[in-house]
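Participant: Take a look at this one; I'll ask things after.
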Amino acid sequence: LNHVLEAAVNSLSDLSIREINFGSDEFAQMVELRNRVLRRPLGLLLSASDIEKDARDIHFVAVIGGEMVGCLILTEIDKETARMRQVAVDSSVQGRGVGRKLVEAFETRAQSLGFSKIILYARDSAIPFYLKLGYEAFGEPFTEVTLVHRKMRKSL
Ligand SMILES: CC(C)(COP(=O)(O)OP(=O)(O)OC[C@H]1O[C@@H](n2cnc3c(N)ncnc32)[C@H](O)[C@@H]1OP(=O)(O)O)[C@@H](O)C(=O)NCCC(=O)NCCS
């Protein structure tokens, strides 16, 4: 991070959360961010069939100083329930509130679309993050992409 970006991240000034379109240039950048944060550290990459599943979803990105630093995806499960997935913040800006802003933007949008429940599959390491934001764990732990996960939920 350069100094200007560092200052912007520290104060979270100039942070914008935007919705982007599937298949756009920004979507390609988002796939790269997801690979960098969520897949490559596990020795994996998103496949073409993973990405096909994104086509009907809503894609959110966090941008600071022109740099895409975070993302998440809203998938409709049923009329009441939205799933939050692919939550990722670039390692250079983690722990500075970008993840919280993304989740808050997701919740506001989900509520305006008429959803009353959010579910997600949290990596063990991310459970404390979601607990801080009012989510609760339920069900048995399970393994996905080599990592232990729990289901979590929140009512809006
Ligand atoms: C998990 C992740 C999305 C959180 O985003 P972030 O921008 O780092 O989190 P924030 O800075 O907004 O944190 C919000 C709060 O949660 C806390 N928190 C964040 N990650 C935490 C963790 N791993 N353990 C404990 N607390 C955590 C923060 O301290 C902060 O608390 P505060 O408001 O009391 O200061 C991000 O760290 C990340 O992308 N991690 C790697 C990929 C990943 O695990 N994604 C989730 C897959 S389910």
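Ordering of the structure tokens sets the chain letters (A, B, ...); residue numbers start at 1 within each chain; ligands are numbered from 1 in the order shown.
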Near Leu131 of chain A, counting only C-alpha atoms, which residues have an atom at most 10 Å away, once you skip same-chain residues fewer than 4 positions from it, shown as a PDB file with N, CA, C and O atoms, in the first residue's frame?

Facilitator:
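Contents of the output file selection-v8.pdb:
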```pdb
ATOM      1  N   ALA A 126     -12.936 -17.284  10.986  1.00  0.00           N
ATOM      2  CA  ALA A 126     -13.717 -16.060  10.790  1.00  0.00           C
ATOM      3  C   ALA A 126     -14.924 -15.982  11.725  1.00  0.00           C
ATOM      4  O   ALA A 126     -15.614 -14.959  11.753  1.00  0.00           O
ATOM      5  N   ILE A 127     -15.171 -17.041  12.498  1.00  0.00           N
ATOM      6  CA  ILE A 127     -16.358 -17.048  13.375  1.00  0.00           C
ATOM      7  C   ILE A 127     -16.379 -15.839  14.319  1.00  0.00           C
ATOM      8  O   ILE A 127     -17.410 -15.181  14.455  1.00  0.00           O
ATOM      9  N   TYR A 135     -24.064 -12.387  14.364  1.00  0.00           N
ATOM     10  CA  TYR A 135     -24.433 -13.706  13.820  1.00  0.00           C
ATOM     11  C   TYR A 135     -24.246 -14.771  14.890  1.00  0.00           C
ATOM     12  O   TYR A 135     -23.395 -14.626  15.774  1.00  0.00           O
ATOM     13  N   GLU A 136     -25.050 -15.846  14.811  1.00  0.00           N
ATOM     14  CA  GLU A 136     -24.877 -16.962  15.746  1.00  0.00           C
ATOM     15  C   GLU A 136     -24.609 -18.237  14.965  1.00  0.00           C
ATOM     16  O   GLU A 136     -25.145 -18.432  13.873  1.00  0.00           O
ATOM     17  N   ALA A 137     -23.782 -19.098  15.560  1.00  0.00           N
ATOM     18  CA  ALA A 137     -23.459 -20.383  14.928  1.00  0.00           C
ATOM     19  C   ALA A 137     -24.564 -21.376  15.225  1.00  0.00           C
ATOM     20  O   ALA A 137     -25.206 -21.318  16.272  1.00  0.00           O
ATOM     21  N   MET A 152     -23.769 -20.162  10.136  1.00  0.00           N
ATOM     22  CA  MET A 152     -24.149 -19.054  11.022  1.00  0.00           C
ATOM     23  C   MET A 152     -25.376 -18.359  10.445  1.00  0.00           C
ATOM     24  O   MET A 152     -25.654 -18.464   9.253  1.00  0.00           O
ATOM     25  N   ARG A 153     -26.110 -17.650  11.298  1.00  0.00           N
ATOM     26  CA  ARG A 153     -27.337 -16.996  10.842  1.00  0.00           C
ATOM     27  C   ARG A 153     -27.591 -15.721  11.628  1.00  0.00           C
ATOM     28  O   ARG A 153     -27.061 -15.526  12.721  1.00  0.00           O
ATOM     29  N   LYS A 154     -28.429 -14.880  11.025  1.00  0.00           N
ATOM     30  CA  LYS A 154     -28.870 -13.639  11.683  1.00  0.00           C
ATOM     31  C   LYS A 154     -30.240 -13.293  11.125  1.00  0.00           C
ATOM     32  O   LYS A 154     -30.478 -13.445   9.927  1.00  0.00           O
TER      33      LYS A 154
END
```

Participant: Residues at most 10 Å from segment 84-88 of chain A, counting only C-alpha atoms, excluding those fewer than 5 positions away in the same chain, as a ChimeraX atom specification?

Facilitator: /A:30-31,33-38,58-62,69-76,94,98-99,102-103,106-107,110,118-122,126,152-153

Participant: Could you state the separation of atom 48 (S, counted along the ligand's line) of ligand 1 and atom CA of Asp124 of chain A in Å, given to one decimal place?

Facilitator: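 Taking atom 48 (S, counted along the ligand's line) of ligand 1 and atom CA of Asp124 of chain A, their separation equals 7.8 Å.
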
Participant: Find the residue from A:Leu46, A:Pro41, A:Arg100, A:Asp14 that sits nearest to Ala28 of chain A; use only C-alpha atoms when measuring.

Facilitator: A:Leu46

Participant: As a PyMOL selection string, please: all residues of segment 88-151 of chain A that backbone DSSP puts in helix (DSSP H, G or I).

Facilitator: chain A and resi 91-93+98-112+124-132

Participant: One decimal, Å: what's the distance from atom CA of Ser92 of chain A over to atom CA of Lys53 of chain A, could you say?

Facilitator: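 Going from atom CA of Ser92 of chain A over to atom CA of Lys53 of chain A, I get 28.1 Å.
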
Participant: Separation of atom CA of Ser116 of chain A and atom CA of Glu80 of chain A, in Å?

Facilitator: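 Value for the atom CA of Ser116 of chain A-atom CA of Glu80 of chain A distance: 5.3 Å.
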
Participant: Using DSSP assignments from the backbone, pull out every residue in chain A that falls under strand (DSSP E or B) and give it to me as a ChimeraX atom specification.

Facilitator: /A:15-20,58-64,67-76,81-89,117-123,136-144,147-155

Participant: Could you check which of A:Ser125, A:Ser13, A:Ser49, A:Thr108 is closest to ligand 1, using only C-alpha atoms and all ligand atoms?

Facilitator: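 With only C-alpha atoms and all ligand atoms as the atom set, the closest residue is A:Ser125.
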
Participant: Go through A:Glu140, A:Arg56, A:Val93, A:Val63 and flag the residue nearest Ile77 of chain A, using only C-alpha atoms for the distances.

Facilitator: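 Among the listed residues, A:Arg56 lies closest to Ile77 of chain A.
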